[in-house]
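Next comes work-v5.txt, a file with compact mmCIF, C-alpha atoms.
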```txt
# COMPACT_ATOMS: atom_id res chain seq x y z
CA MET A 182 91.48 -129.15 -150.56
CA ARG A 183 93.11 -127.45 -153.52
CA ALA A 184 91.89 -125.90 -156.78
CA PHE A 185 94.00 -125.14 -159.85
CA ILE A 186 92.79 -121.97 -161.56
CA PHE A 187 93.68 -120.59 -165.00
CA PRO A 188 93.81 -116.92 -166.08
CA GLY A 189 91.90 -115.24 -168.89
CA GLN A 190 92.53 -112.50 -171.41
CA GLY A 191 94.64 -109.59 -170.24
CA SER A 192 97.36 -111.76 -168.72
CA GLN A 193 99.34 -111.85 -171.98
CA ALA A 194 102.63 -109.94 -172.25
CA VAL A 195 105.48 -109.93 -174.74
CA GLY A 196 108.20 -112.26 -173.43
CA MET A 197 105.72 -114.68 -171.87
CA GLY A 198 107.06 -118.23 -171.73
CA SER A 199 110.50 -117.23 -173.03
CA ALA A 200 112.57 -118.05 -169.93
CA LEU A 201 110.39 -121.10 -169.30
CA ALA A 202 111.08 -122.49 -172.78
CA GLU A 203 114.83 -122.06 -172.27
CA ALA A 204 114.74 -123.90 -168.94
CA SER A 205 112.15 -126.60 -169.62
CA ARG A 206 111.84 -129.20 -172.36
CA PRO A 207 108.16 -129.94 -171.52
CA ALA A 208 107.40 -126.22 -171.94
CA ARG A 209 109.16 -126.12 -175.32
CA ASP A 210 107.16 -129.16 -176.39
CA VAL A 211 103.89 -127.41 -175.51
CA PHE A 212 104.81 -124.31 -177.53
CA ASP A 213 105.93 -126.46 -180.49
CA GLU A 214 102.72 -128.49 -180.43
CA VAL A 215 100.54 -125.38 -180.33
CA ASP A 216 102.50 -123.81 -183.21
CA GLU A 217 102.04 -126.98 -185.24
CA ALA A 218 98.32 -127.22 -184.47
CA LEU A 219 97.72 -123.62 -185.54
CA GLY A 220 100.14 -123.56 -188.47
CA GLN A 221 101.47 -120.33 -186.95
CA ASN A 222 104.64 -119.32 -185.11
CA LEU A 223 102.65 -118.22 -182.06
CA PHE A 224 105.53 -118.78 -179.67
CA ARG A 225 107.75 -116.35 -181.58
CA LEU A 226 104.96 -113.77 -181.25
CA MET A 227 104.70 -114.50 -177.52
CA ARG A 228 108.46 -114.17 -177.10
CA ASP A 229 109.20 -111.20 -179.37
CA GLY A 230 105.92 -109.38 -180.03
CA PRO A 231 104.85 -106.94 -181.37
CA ASP A 232 102.49 -106.29 -178.49
CA GLU A 233 99.66 -105.06 -180.77
CA GLU A 234 99.65 -108.40 -182.58
CA LEU A 235 99.84 -110.48 -179.40
CA LYS A 236 96.90 -108.50 -177.96
CA LEU A 237 94.65 -109.52 -180.87
CA THR A 238 92.01 -111.80 -179.40
CA GLU A 239 92.75 -114.63 -181.84
CA ASN A 240 96.41 -114.65 -180.71
CA ALA A 241 96.02 -113.76 -177.03
CA GLN A 242 93.58 -116.59 -176.28
CA PRO A 243 95.69 -119.54 -177.52
CA ALA A 244 98.87 -117.83 -176.22
CA ILE A 245 97.57 -117.56 -172.65
CA MET A 246 96.39 -121.17 -172.75
CA ALA A 247 99.73 -122.39 -174.15
CA HIS A 248 101.60 -120.55 -171.41
CA SER A 249 99.40 -122.04 -168.66
CA LEU A 250 99.81 -125.56 -170.03
CA ALA A 251 103.58 -125.09 -170.41
CA VAL A 252 103.76 -124.12 -166.73
CA LEU A 253 101.61 -127.11 -165.76
CA ARG A 254 103.63 -129.61 -167.80
CA THR A 255 106.86 -128.24 -166.34
CA LEU A 256 105.38 -128.59 -162.86
CA GLY A 257 105.09 -132.26 -163.80
CA VAL A 258 102.27 -133.27 -161.45
CA ASP A 259 99.39 -135.66 -161.95
CA LEU A 260 96.51 -133.19 -161.75
CA GLY A 261 94.03 -135.67 -160.29
CA SER A 262 96.30 -136.40 -157.33
CA VAL A 263 97.13 -132.78 -156.41
CA ALA A 264 93.93 -130.84 -157.23
CA ASN A 265 90.31 -131.39 -156.21
CA PHE A 266 88.83 -128.91 -158.70
CA VAL A 267 89.78 -126.77 -161.69
CA ALA A 268 88.35 -123.46 -162.88
CA GLY A 269 89.33 -120.84 -165.41
CA HIS A 270 88.35 -117.24 -166.11
CA SER A 271 86.63 -117.05 -169.52
CA LEU A 272 89.18 -118.51 -172.00
CA GLY A 273 90.92 -119.97 -168.92
CA GLU A 274 88.06 -122.45 -168.76
CA TYR A 275 89.53 -124.08 -171.89
CA SER A 276 92.97 -124.19 -170.23
CA ALA A 277 91.37 -125.82 -167.18
CA LEU A 278 89.60 -128.43 -169.33
CA CYS A 279 92.81 -129.18 -171.24
CA ALA A 280 94.68 -129.56 -167.94
CA ALA A 281 91.99 -131.94 -166.68
CA GLY A 282 92.06 -134.05 -169.83
CA SER A 283 88.75 -133.04 -171.45
CA PHE A 284 90.54 -131.73 -174.57
CA ASP A 285 93.98 -132.48 -175.95
CA LEU A 286 96.38 -129.58 -176.42
CA ALA A 287 96.05 -129.26 -180.22
CA THR A 288 92.24 -129.24 -180.04
CA THR A 289 92.28 -126.62 -177.28
CA ALA A 290 94.57 -124.35 -179.31
CA LYS A 291 92.37 -124.63 -182.42
CA LEU A 292 89.18 -124.00 -180.46
CA LEU A 293 90.65 -120.88 -178.85
CA LYS A 294 91.99 -119.54 -182.16
CA LEU A 295 88.50 -119.93 -183.62
CA ARG A 296 86.87 -118.48 -180.49
CA GLY A 297 89.10 -115.41 -180.70
CA GLN A 298 88.38 -114.91 -184.40
CA ALA A 299 84.63 -115.42 -183.93
CA MET A 300 84.47 -112.99 -181.00
CA GLN A 301 86.38 -110.37 -182.99
CA GLN A 302 84.13 -110.76 -186.04
CA ALA A 303 80.85 -110.76 -184.08
CA VAL A 304 80.81 -106.98 -183.63
CA PRO A 305 82.48 -104.41 -185.94
CA VAL A 306 85.40 -102.63 -184.26
CA GLY A 307 84.21 -99.47 -182.51
CA GLU A 308 80.59 -100.59 -182.03
CA GLY A 309 81.13 -102.41 -178.73
CA ALA A 310 82.99 -101.65 -175.50
CA MET A 311 83.62 -102.89 -171.97
CA ALA A 312 84.24 -101.09 -168.68
CA ALA A 313 85.32 -102.11 -165.20
CA LEU A 314 83.19 -100.77 -162.35
CA LEU A 315 85.42 -100.47 -159.28
CA GLY A 316 83.94 -100.31 -155.82
CA ALA A 317 80.71 -101.81 -157.16
CA ASP A 318 79.13 -105.16 -156.35
CA LEU A 319 76.96 -107.19 -158.72
CA ALA A 320 73.65 -105.62 -157.65
CA LEU A 321 74.94 -102.06 -158.14
CA ALA A 322 76.59 -102.97 -161.47
CA GLN A 323 73.29 -104.40 -162.73
CA LYS A 324 71.46 -101.18 -161.76
CA ILE A 325 74.07 -99.04 -163.54
CA ALA A 326 73.88 -101.26 -166.66
CA GLU A 327 70.07 -101.07 -166.74
CA ALA A 328 70.08 -97.30 -166.34
CA ALA A 329 72.66 -96.88 -169.12
CA ALA A 330 71.15 -99.30 -171.66
CA GLN A 331 68.41 -97.03 -173.11
CA GLY A 332 67.43 -99.63 -175.67
CA GLU A 333 71.01 -100.78 -176.34
CA VAL A 334 72.86 -103.78 -174.93
CA CYS A 335 74.55 -103.12 -171.57
CA THR A 336 74.98 -106.11 -169.26
CA VAL A 337 77.31 -107.52 -166.63
CA ALA A 338 80.07 -109.54 -168.32
CA ASN A 339 82.32 -110.54 -165.40
CA ASP A 340 81.39 -110.65 -161.73
CA ASN A 341 85.05 -110.78 -160.71
CA ASP A 342 85.05 -110.10 -156.97
CA PRO A 343 83.06 -108.10 -154.39
CA SER A 344 84.60 -104.82 -155.53
CA GLN A 345 85.10 -105.28 -159.29
CA VAL A 346 82.44 -105.98 -161.91
CA VAL A 347 82.90 -105.64 -165.68
CA ILE A 348 80.09 -104.53 -168.00
CA SER A 349 79.84 -105.06 -171.75
CA GLY A 350 77.68 -103.92 -174.66
CA HIS A 351 77.17 -101.20 -177.24
CA LYS A 352 79.77 -98.42 -177.01
CA GLY A 353 77.17 -95.69 -176.45
CA ALA A 354 75.62 -97.59 -173.55
CA ILE A 355 79.01 -98.31 -171.95
CA ASP A 356 79.97 -94.62 -172.30
CA ARG A 357 76.72 -93.70 -170.53
CA ALA A 358 77.42 -96.26 -167.79
CA ILE A 359 80.86 -94.75 -167.19
CA GLU A 360 79.22 -91.32 -166.80
CA LEU A 361 76.52 -92.67 -164.45
CA ALA A 362 78.70 -94.98 -162.36
CA LYS A 363 80.05 -92.51 -159.83
CA GLU A 364 76.78 -90.74 -159.13
CA MET A 365 75.10 -94.14 -158.66
CA GLY A 366 77.63 -95.20 -156.02
CA ALA A 367 80.59 -96.88 -157.74
CA LYS A 368 84.06 -95.67 -156.79
CA ARG A 369 85.00 -95.27 -160.44
CA ALA A 370 84.51 -96.71 -163.91
CA VAL A 371 87.33 -97.47 -166.32
CA ALA A 372 86.95 -98.21 -170.04
CA LEU A 373 88.85 -101.40 -170.89
CA PRO A 374 91.27 -101.60 -173.85
CA VAL A 375 89.46 -104.48 -175.58
CA SER A 376 88.63 -104.98 -179.23
CA ALA A 377 85.14 -106.44 -178.73
CA PRO A 378 82.33 -106.54 -176.13
CA PHE A 379 82.84 -110.01 -174.63
CA HIS A 380 80.29 -111.97 -172.58
CA CYS A 381 77.18 -110.11 -173.68
CA PRO A 382 74.32 -110.84 -176.13
CA LEU A 383 76.20 -109.07 -178.96
CA MET A 384 78.49 -112.13 -179.01
CA GLN A 385 75.67 -114.43 -180.23
CA PRO A 386 77.30 -114.97 -183.68
CA ALA A 387 80.46 -116.15 -181.88
CA ALA A 388 78.37 -118.46 -179.66
CA GLU A 389 76.89 -120.07 -182.79
CA ALA A 390 80.38 -120.48 -184.28
CA MET A 391 81.52 -122.24 -181.09
CA ARG A 392 78.39 -124.41 -181.01
CA ASP A 393 79.27 -125.61 -184.50
CA ALA A 394 82.99 -126.14 -183.71
CA LEU A 395 82.32 -127.96 -180.44
CA SER A 396 79.82 -130.29 -182.11
CA TYR A 397 82.74 -131.90 -184.00
CA VAL A 398 85.00 -132.26 -180.94
CA VAL A 399 85.24 -135.12 -178.48
CA VAL A 400 84.83 -133.83 -174.92
CA GLU A 401 86.12 -136.27 -172.29
CA ALA A 402 84.95 -136.18 -168.68
CA PRO A 403 87.55 -134.09 -166.76
CA GLU A 404 89.74 -135.85 -164.18
CA VAL A 405 88.43 -133.46 -161.52
CA SER A 406 85.27 -131.33 -161.51
CA LEU A 407 85.31 -128.02 -163.36
CA TYR A 408 83.61 -125.08 -161.67
CA ALA A 409 81.87 -123.64 -164.74
CA ASN A 410 81.77 -119.90 -165.46
CA VAL A 411 78.07 -119.84 -166.36
CA THR A 412 76.77 -121.75 -163.31
CA ALA A 413 79.50 -121.36 -160.66
CA GLU A 414 78.86 -125.05 -159.91
CA PRO A 415 81.03 -128.18 -160.34
CA GLU A 416 80.54 -130.16 -163.54
CA THR A 417 81.97 -133.35 -165.06
CA ASP A 418 79.39 -134.35 -167.70
CA PRO A 419 80.91 -133.91 -171.20
CA ASP A 420 77.66 -132.86 -172.93
CA THR A 421 76.86 -130.34 -170.22
CA ILE A 422 80.39 -128.92 -170.44
CA ARG A 423 80.05 -128.60 -174.23
CA ASN A 424 76.80 -126.63 -173.84
CA GLN A 425 78.25 -124.47 -171.07
CA LEU A 426 81.19 -123.47 -173.29
CA VAL A 427 78.67 -122.21 -175.85
CA GLU A 428 76.63 -120.33 -173.23
CA GLN A 429 79.82 -118.86 -171.80
CA VAL A 430 80.43 -116.76 -174.95
CA THR A 431 77.39 -114.55 -174.28
CA GLY A 432 76.93 -115.30 -170.56
CA MET A 433 78.31 -113.71 -167.43
CA VAL A 434 81.56 -115.05 -165.97
CA ARG A 435 80.47 -115.86 -162.42
CA TRP A 436 83.98 -115.82 -160.97
CA ARG A 437 83.13 -114.41 -157.53
CA GLU A 438 80.49 -117.09 -156.98
CA SER A 439 82.75 -119.84 -158.35
CA VAL A 440 85.53 -119.02 -155.88
CA ALA A 441 83.07 -118.58 -153.00
CA ASN A 442 81.46 -121.93 -153.82
CA MET A 443 84.83 -123.69 -154.02
CA ALA A 444 85.78 -122.21 -150.65
CA SER A 445 82.43 -123.39 -149.21
CA ALA A 446 83.14 -126.86 -150.63
CA GLY A 447 86.36 -126.96 -148.58
CA VAL A 448 89.00 -125.51 -150.92
CA GLU A 449 91.68 -123.86 -148.79
CA GLU A 450 94.34 -123.34 -151.47
CA PHE A 451 94.06 -121.82 -154.94
CA VAL A 452 96.98 -122.30 -157.33
CA GLU A 453 96.96 -119.96 -160.34
CA ILE A 454 98.75 -121.63 -163.24
CA GLY A 455 100.51 -119.25 -165.63
CA GLY A 456 99.37 -115.89 -164.31
CA LYS A 457 99.18 -113.42 -161.44
CA VAL A 458 95.75 -111.95 -162.19
CA LEU A 459 93.25 -114.15 -160.38
CA GLY A 460 95.06 -114.40 -157.05
CA SER A 461 94.14 -110.90 -155.88
CA MET A 462 90.50 -111.53 -156.82
CA VAL A 463 90.51 -114.79 -154.86
CA LYS A 464 91.88 -113.01 -151.76
CA ARG A 465 89.04 -110.48 -151.92
CA ILE A 466 86.47 -113.29 -152.17
CA ALA A 467 88.00 -115.84 -149.77
CA PRO A 468 90.41 -113.87 -147.52
CA ASP A 469 91.45 -116.94 -145.51
CA ALA A 470 92.44 -119.00 -148.56
CA LYS A 471 96.07 -119.59 -149.47
CA VAL A 472 96.84 -118.29 -152.97
CA THR A 473 99.88 -119.32 -155.02
CA SER A 474 100.76 -117.92 -158.45
CA VAL A 475 102.95 -120.17 -160.58
CA VAL A 476 104.66 -118.45 -163.52
CA THR A 477 108.47 -118.68 -163.33
CA MET A 478 110.82 -121.65 -162.92
CA GLU A 479 111.39 -120.51 -159.32
CA ASP A 480 107.61 -120.58 -158.71
CA ILE A 481 107.39 -124.02 -160.31
CA GLU A 482 110.21 -125.46 -158.23
CA ALA A 483 108.79 -124.04 -154.98
CA THR A 484 105.26 -125.26 -155.76
CA ALA A 485 106.45 -128.71 -156.83
CA LYS A 486 108.10 -129.16 -153.40
CA GLU A 487 105.01 -127.99 -151.58
CA ILE A 488 102.38 -130.10 -153.32
CA ALA A 489 104.42 -133.23 -154.00
```
What would the structure in this file look like if it were written as structure tokens?
Amino acid sequence: MRAFIFPGQGSQAVGMGSALAEASRPARDVFDEVDEALGQNLFRLMRDGPDEELKLTENAQPAIMAHSLAVLRTLGVDLGSVANFVAGHSLGEYSALCAAGSFDLATTAKLLKLRGQAMQQAVPVGEGAMAALLGADLALAQKIAEAAAQGEVCTVANDNDPSQVVISGHKGAIDRAIELAKEMGAKRAVALPVSAPFHCPLMQPAAEAMRDALSYVVVEAPEVSLYANVTAEPETDPDTIRNQLVEQVTGMVRWRESVANMASAGVEEFVEIGGKVLGSMVKRIAPDAKVTSVVTMEDIEATAKEIA
């Protein structure tokens, strides 16, 4: 069995999609459609930068999705016949749902633009922070977060793999967690260069914005089941998916459990579409699984031969 997985924020880079657009008409069409939907020359920003502008959450989120979908369209496969499941890391869940036919491309781009703006506006710059705890599992990360909170928000945001958990919350609490991490048993703690504290209760205003936006959008049942971030379980019901996308804004990304559950369900191959971030996490969770990252035309051509 095979799962197609889609990367989240942090996998953006200036130049992304540039060579692909030159080599592939379907990729160019994706970038043009996203630009038109947003009324913005996002592809030029992806191709030429500046990096600071591309990194902005409201640009990075639709850019990463557009790149993933450009890779998928260039691959030219019928998703339902080559994949048993889809999953995505945080914003990658929207890419996965677009790939599986729950949202059309223009709707996905608009939702992610809004999601990025709402997340950025939910907490004034400088008030929130995130940190990666390395050499820490979920239980240890939760203990560190609880010890550091001291009345402020400090919670687990991403349970990425058995050795990497990300925490999120008020800046003071995250600073305390970084100080505490080593003495409590983590290998080290690294502050992340993010502009807002994602996937924690401080994002509630953004969750409400997404609840409102998603209430106007048609959600189709995906062609294949989506392993949802907030439950780490397969889902196909449109109303449930809509609610899960709202919960996901403040909830923990249960990536480790999602991959482990897919492996338990019989998935032997994970294909990362448009990034090289999730593959290493997958290998730490399911060491026997085959992992393929599809980014370049060479990757696309090799993968197309393999899965045809």
Go through region 382-415 of chain A and flag each residue having an atom no more than 10 Å from region 262-286 of chain A; for those, report the closest pair of atoms plus their distance in Å to one decimal, using only C-alpha atoms, ordered by chain and rising number, as JSON lines.
```
{"residue": "A:Val398", "atom": "CA", "partner": "A:Phe284", "partner_atom": "CA", "distance": 8.5}
{"residue": "A:Val399", "atom": "CA", "partner": "A:Phe284", "partner_atom": "CA", "distance": 7.4}
{"residue": "A:Val400", "atom": "CA", "partner": "A:Ser283", "partner_atom": "CA", "distance": 5.3}
{"residue": "A:Glu401", "atom": "CA", "partner": "A:Ser283", "partner_atom": "CA", "distance": 4.2}
{"residue": "A:Ala402", "atom": "CA", "partner": "A:Ser283", "partner_atom": "CA", "distance": 5.7}
{"residue": "A:Pro403", "atom": "CA", "partner": "A:Ala281", "partner_atom": "CA", "distance": 4.9}
{"residue": "A:Glu404", "atom": "CA", "partner": "A:Ala281", "partner_atom": "CA", "distance": 5.2}
{"residue": "A:Val405", "atom": "CA", "partner": "A:Phe266", "partner_atom": "CA", "distance": 5.4}
{"residue": "A:Ser406", "atom": "CA", "partner": "A:Phe266", "partner_atom": "CA", "distance": 5.1}
{"residue": "A:Leu407", "atom": "CA", "partner": "A:Val267", "partner_atom": "CA", "distance": 4.9}
{"residue": "A:Tyr408", "atom": "CA", "partner": "A:Ala268", "partner_atom": "CA", "distance": 5.2}
{"residue": "A:Ala409", "atom": "CA", "partner": "A:Ala268", "partner_atom": "CA", "distance": 6.7}
{"residue": "A:Asn410", "atom": "CA", "partner": "A:Ser271", "partner_atom": "CA", "distance": 6.9}
{"residue": "A:Val411", "atom": "CA", "partner": "A:Ser271", "partner_atom": "CA", "distance": 9.5}
{"residue": "A:Ala413", "atom": "CA", "partner": "A:Ala268", "partner_atom": "CA", "distance": 9.4}
{"residue": "A:Pro415", "atom": "CA", "partner": "A:Phe266", "partner_atom": "CA", "distance": 8.0}
```
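Interatomic distance, CA of Ser474 (chain A) to CA of Gly460 (chain A): 6.8 Å.
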Check your understanding: Which polymer residues have any atom within 9 Å of an atom of Val304 (chain A), counting all atoms listed in the file, with same-chain residues fewer than 2 positions away left out, as a PyMOL selection string?
Key -> chain A and resi 300-302+306-309+377-378+383-384+386
Practice item. Name all residues at most 12 Å from Pro468 (chain A) (count all atoms listed in the file; drop same-chain ones fewer than 5 positions away) and give them as number ranges by chain. Key: A: 342-343, 440-441, 444, 449-451, 460-463
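A straight line drawn from CA of Leu237 (chain A) to CA of Val375 (chain A) is 9.0 Å long.
If you measure from each of A:Val337, A:Thr477, A:Val258, A:Thr288 to Tyr397 (chain A) using all atoms listed in the file, the closest one turns out to be A:Thr288.
For the choices A:Lys363, A:Arg206, A:Arg225, A:Lys457, the atom-to-atom distance to Val472 (chain A) is smallest for A:Lys457 when using only C-alpha atoms.
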Study note, to complete from the structure: Here CA of Ala312 (chain A) and CA of Leu292 (chain A) stand apart by 26.2 Å
Exercise for review: Might you pull out every residue within 7 Å of region 190-204 of chain A, with all atoms listed in the file counted and same-chain residues fewer than 4 positions away left off, and present them as a ChimeraX atom specification?
Suggested key: /A:208-209,227-230,232,241-242,245,248,272,456,458,477-478
**Study point:** Shell of 12 Å around Glu389 (chain A), only C-alpha atoms, local chain residues under 4 positions omitted, as a VMD selection string
**Key:** chain A and resid 295 to 296 299 to 300 303 382 to 385 393 to 396 424 426 to 431
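Proximity ranking of A:Glu327, A:Ala244, A:Leu226, A:Leu253 relative to Glu482 (chain A) places A:Leu253 first, based on all atoms listed in the file.
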Would you mind putting N, CA and C atoms back on region 281-315 of chain A and writing the result as a PDB file, in the frame of the given file?
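Written file, rebuild.pdb:
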```pdb
ATOM      1  N   ALA A 281      92.709-130.825-167.309  1.00  0.00           N
ATOM      2  CA  ALA A 281      91.990-131.940-166.680  1.00  0.00           C
ATOM      3  C   ALA A 281      91.675-133.077-167.651  1.00  0.00           C
ATOM      4  N   GLY A 282      92.179-132.951-168.885  1.00  0.00           N
ATOM      5  CA  GLY A 282      92.060-134.050-169.830  1.00  0.00           C
ATOM      6  C   GLY A 282      90.794-134.106-170.659  1.00  0.00           C
ATOM      7  N   SER A 283      89.977-133.051-170.636  1.00  0.00           N
ATOM      8  CA  SER A 283      88.750-133.040-171.450  1.00  0.00           C
ATOM      9  C   SER A 283      89.065-132.816-172.928  1.00  0.00           C
ATOM     10  N   PHE A 284      90.072-131.990-173.205  1.00  0.00           N
ATOM     11  CA  PHE A 284      90.540-131.730-174.570  1.00  0.00           C
ATOM     12  C   PHE A 284      92.039-131.992-174.630  1.00  0.00           C
ATOM     13  N   ASP A 285      92.531-132.429-175.796  1.00  0.00           N
ATOM     14  CA  ASP A 285      93.980-132.480-175.950  1.00  0.00           C
ATOM     15  C   ASP A 285      94.486-131.080-176.310  1.00  0.00           C
ATOM     16  N   LEU A 286      95.777-130.898-176.262  1.00  0.00           N
ATOM     17  CA  LEU A 286      96.380-129.580-176.420  1.00  0.00           C
ATOM     18  C   LEU A 286      96.092-128.978-177.803  1.00  0.00           C
ATOM     19  N   ALA A 287      96.253-129.772-178.853  1.00  0.00           N
ATOM     20  CA  ALA A 287      96.050-129.260-180.220  1.00  0.00           C
ATOM     21  C   ALA A 287      94.608-128.811-180.419  1.00  0.00           C
ATOM     22  N   THR A 288      93.661-129.600-179.920  1.00  0.00           N
ATOM     23  CA  THR A 288      92.240-129.240-180.040  1.00  0.00           C
ATOM     24  C   THR A 288      91.950-127.958-179.291  1.00  0.00           C
ATOM     25  N   THR A 289      92.511-127.826-178.094  1.00  0.00           N
ATOM     26  CA  THR A 289      92.280-126.620-177.280  1.00  0.00           C
ATOM     27  C   THR A 289      92.798-125.392-178.009  1.00  0.00           C
ATOM     28  N   ALA A 290      93.986-125.486-178.587  1.00  0.00           N
ATOM     29  CA  ALA A 290      94.570-124.350-179.310  1.00  0.00           C
ATOM     30  C   ALA A 290      93.691-123.952-180.490  1.00  0.00           C
ATOM     31  N   LYS A 291      93.216-124.934-181.243  1.00  0.00           N
ATOM     32  CA  LYS A 291      92.370-124.630-182.420  1.00  0.00           C
ATOM     33  C   LYS A 291      91.048-124.021-182.011  1.00  0.00           C
ATOM     34  N   LEU A 292      90.458-124.554-180.934  1.00  0.00           N
ATOM     35  CA  LEU A 292      89.180-124.000-180.460  1.00  0.00           C
ATOM     36  C   LEU A 292      89.340-122.545-180.015  1.00  0.00           C
ATOM     37  N   LEU A 293      90.451-122.242-179.334  1.00  0.00           N
ATOM     38  CA  LEU A 293      90.650-120.880-178.850  1.00  0.00           C
ATOM     39  C   LEU A 293      90.993-119.912-179.981  1.00  0.00           C
ATOM     40  N   LYS A 294      91.713-120.385-180.985  1.00  0.00           N
ATOM     41  CA  LYS A 294      91.990-119.540-182.160  1.00  0.00           C
ATOM     42  C   LYS A 294      90.660-119.159-182.816  1.00  0.00           C
ATOM     43  N   LEU A 295      89.809-120.164-183.014  1.00  0.00           N
ATOM     44  CA  LEU A 295      88.500-119.930-183.620  1.00  0.00           C
ATOM     45  C   LEU A 295      87.630-119.027-182.746  1.00  0.00           C
ATOM     46  N   ARG A 296      87.654-119.284-181.432  1.00  0.00           N
ATOM     47  CA  ARG A 296      86.870-118.480-180.490  1.00  0.00           C
ATOM     48  C   ARG A 296      87.283-117.016-180.567  1.00  0.00           C
ATOM     49  N   GLY A 297      88.599-116.783-180.597  1.00  0.00           N
ATOM     50  CA  GLY A 297      89.100-115.410-180.700  1.00  0.00           C
ATOM     51  C   GLY A 297      88.674-114.739-181.989  1.00  0.00           C
ATOM     52  N   GLN A 298      88.778-115.471-183.106  1.00  0.00           N
ATOM     53  CA  GLN A 298      88.380-114.910-184.400  1.00  0.00           C
ATOM     54  C   GLN A 298      86.874-114.624-184.421  1.00  0.00           C
ATOM     55  N   ALA A 299      86.089-115.573-183.901  1.00  0.00           N
ATOM     56  CA  ALA A 299      84.630-115.420-183.930  1.00  0.00           C
ATOM     57  C   ALA A 299      84.172-114.267-183.046  1.00  0.00           C
ATOM     58  N   MET A 300      84.821-114.099-181.892  1.00  0.00           N
ATOM     59  CA  MET A 300      84.470-112.990-181.000  1.00  0.00           C
ATOM     60  C   MET A 300      84.811-111.650-181.652  1.00  0.00           C
ATOM     61  N   GLN A 301      85.963-111.604-182.333  1.00  0.00           N
ATOM     62  CA  GLN A 301      86.380-110.370-182.990  1.00  0.00           C
ATOM     63  C   GLN A 301      85.439-110.001-184.123  1.00  0.00           C
ATOM     64  N   GLN A 302      84.975-111.008-184.861  1.00  0.00           N
ATOM     65  CA  GLN A 302      84.130-110.760-186.040  1.00  0.00           C
ATOM     66  C   GLN A 302      82.667-110.511-185.679  1.00  0.00           C
ATOM     67  N   ALA A 303      82.270-110.857-184.457  1.00  0.00           N
ATOM     68  CA  ALA A 303      80.850-110.760-184.080  1.00  0.00           C
ATOM     69  C   ALA A 303      80.339-109.327-184.082  1.00  0.00           C
ATOM     70  N   VAL A 304      81.209-108.390-183.741  1.00  0.00           N
ATOM     71  CA  VAL A 304      80.810-106.980-183.630  1.00  0.00           C
ATOM     72  C   VAL A 304      81.878-106.125-184.324  1.00  0.00           C
ATOM     73  N   PRO A 305      81.480-105.270-185.279  1.00  0.00           N
ATOM     74  CA  PRO A 305      82.480-104.410-185.940  1.00  0.00           C
ATOM     75  C   PRO A 305      83.250-103.571-184.922  1.00  0.00           C
ATOM     76  N   VAL A 306      84.545-103.399-185.172  1.00  0.00           N
ATOM     77  CA  VAL A 306      85.400-102.630-184.260  1.00  0.00           C
ATOM     78  C   VAL A 306      84.808-101.235-184.072  1.00  0.00           C
ATOM     79  N   GLY A 307      84.732-100.801-182.815  1.00  0.00           N
ATOM     80  CA  GLY A 307      84.210 -99.470-182.510  1.00  0.00           C
ATOM     81  C   GLY A 307      82.751 -99.457-182.099  1.00  0.00           C
ATOM     82  N   GLU A 308      82.025-100.553-182.375  1.00  0.00           N
ATOM     83  CA  GLU A 308      80.590-100.590-182.030  1.00  0.00           C
ATOM     84  C   GLU A 308      80.339-101.094-180.606  1.00  0.00           C
ATOM     85  N   GLY A 309      81.300-101.869-180.077  1.00  0.00           N
ATOM     86  CA  GLY A 309      81.130-102.410-178.730  1.00  0.00           C
ATOM     87  C   GLY A 309      82.211-101.901-177.804  1.00  0.00           C
ATOM     88  N   ALA A 310      81.990-102.092-176.498  1.00  0.00           N
ATOM     89  CA  ALA A 310      82.990-101.650-175.500  1.00  0.00           C
ATOM     90  C   ALA A 310      82.745-102.412-174.203  1.00  0.00           C
ATOM     91  N   MET A 311      83.728-102.315-173.313  1.00  0.00           N
ATOM     92  CA  MET A 311      83.620-102.890-171.970  1.00  0.00           C
ATOM     93  C   MET A 311      84.184-101.886-170.973  1.00  0.00           C
ATOM     94  N   ALA A 312      83.708-101.967-169.739  1.00  0.00           N
ATOM     95  CA  ALA A 312      84.240-101.090-168.680  1.00  0.00           C
ATOM     96  C   ALA A 312      84.250-101.849-167.368  1.00  0.00           C
ATOM     97  N   ALA A 313      85.255-101.553-166.551  1.00  0.00           N
ATOM     98  CA  ALA A 313      85.320-102.110-165.200  1.00  0.00           C
ATOM     99  C   ALA A 313      84.713-101.115-164.233  1.00  0.00           C
ATOM    100  N   LEU A 314      83.777-101.589-163.407  1.00  0.00           N
ATOM    101  CA  LEU A 314      83.190-100.770-162.350  1.00  0.00           C
ATOM    102  C   LEU A 314      83.893-101.138-161.056  1.00  0.00           C
ATOM    103  N   LEU A 315      84.636-100.212-160.492  1.00  0.00           N
ATOM    104  CA  LEU A 315      85.420-100.470-159.280  1.00  0.00           C
ATOM    105  C   LEU A 315      84.658 -99.937-158.071  1.00  0.00           C
TER     106      LEU A 315
END
```
